[in-house]
Amino acid sequence: MLVRDAMSTVVLTIGPDHTLRQAATLMSARRIGAAVVLDPDAGGIGILTERDVLNSLGLGQDPDTERAHAHTTTDVVFAAPSWTLEEAAGAMAHGGFRHLVVLDGREPVGVVSVRDIIRCWAPLRQQVPA
């Protein structure tokens, strides 16, 4: 199975000046755990995850004044739609993260999460005879 089969094509994109509250509100409304941060001034694509928001709150920072750019991961590992789920899972395990931005060329076309991979693998595991 490939990343294109598992990824969410609901890609929430935000700007670097969104507040963490705005980002969290949008992520919550879409029931997703990550937002793609497009920052043309920084020259690329980053990712802001629910963990980034949680870490900020844990530090006592104000979600109404903290900006996405201060919490965005910019050294992102990207996946291609043609990667296998094994390749995606390996990249996540190696990097210690739960989301991969999926690029088709230079455009974000999806996000694949650990949950997406498990959803695909779980039915296959149930079919394997004991």
# chains A, B, ... in the order shown; residues from 1 in each chain; ligands from 1
>>> residues_around(residues="segment 20-33 of chain A", least_positions_apart="6", cutoff="10 Å", atoms="only C-alpha atoms", output="ChimeraX atom specification")
/A:8,10-14,48-54,56-57,61-71,98-99,111,113
>>> atom_distance(atom1="atom CA of Ala91 of chain A", atom2="atom CA of Ala35 of chain A")
18.8 Å
>>> atom_distance(atom1="atom CA of Trp121 of chain A", atom2="atom CA of Ala34 of chain A")
21.3 Å
>>> residues_around(residues="Asp75 of chain A", least_positions_apart="6", cutoff="12 Å", atoms="only C-alpha atoms", output="PyMOL selection string")
chain A and resi 42-48+95+97+100-101
>>> write_last_selection(atoms="C-alpha atoms", output="mmCIF file, in the first residue's frame")
data_model
loop_
_atom_site.group_PDB
_atom_site.id
_atom_site.type_symbol
_atom_site.label_atom_id
_atom_site.label_comp_id
_atom_site.auth_asym_id
_atom_site.auth_seq_id
_atom_site.Cartn_x
_atom_site.Cartn_y
_atom_site.Cartn_z
ATOM 1 C CA ALA A 42 11.466 31.826 5.098
ATOM 2 C CA GLY A 43 11.494 30.056 1.765
ATOM 3 C CA GLY A 44 9.556 26.941 2.416
ATOM 4 C CA ILE A 45 7.135 24.638 4.061
ATOM 5 C CA GLY A 46 6.999 23.820 7.739
ATOM 6 C CA ILE A 47 4.694 21.880 10.002
ATOM 7 C CA LEU A 48 2.956 22.807 13.226
ATOM 8 C CA GLY A 95 12.838 11.011 12.971
ATOM 9 C CA PHE A 97 7.578 12.273 14.583
ATOM 10 C CA LEU A 100 4.717 13.626 7.195
ATOM 11 C CA VAL A 101 3.807 16.316 4.712
#
>>> atom_distance(atom1="atom CA of Arg106 of chain A", atom2="atom CA of Leu2 of chain A")
19.0 Å
>>> residues_around(residues="Glu87 of chain A", least_positions_apart="5", cutoff="9 Å", atoms="only C-alpha atoms", output="ChimeraX atom specification")
/A:3,79,92
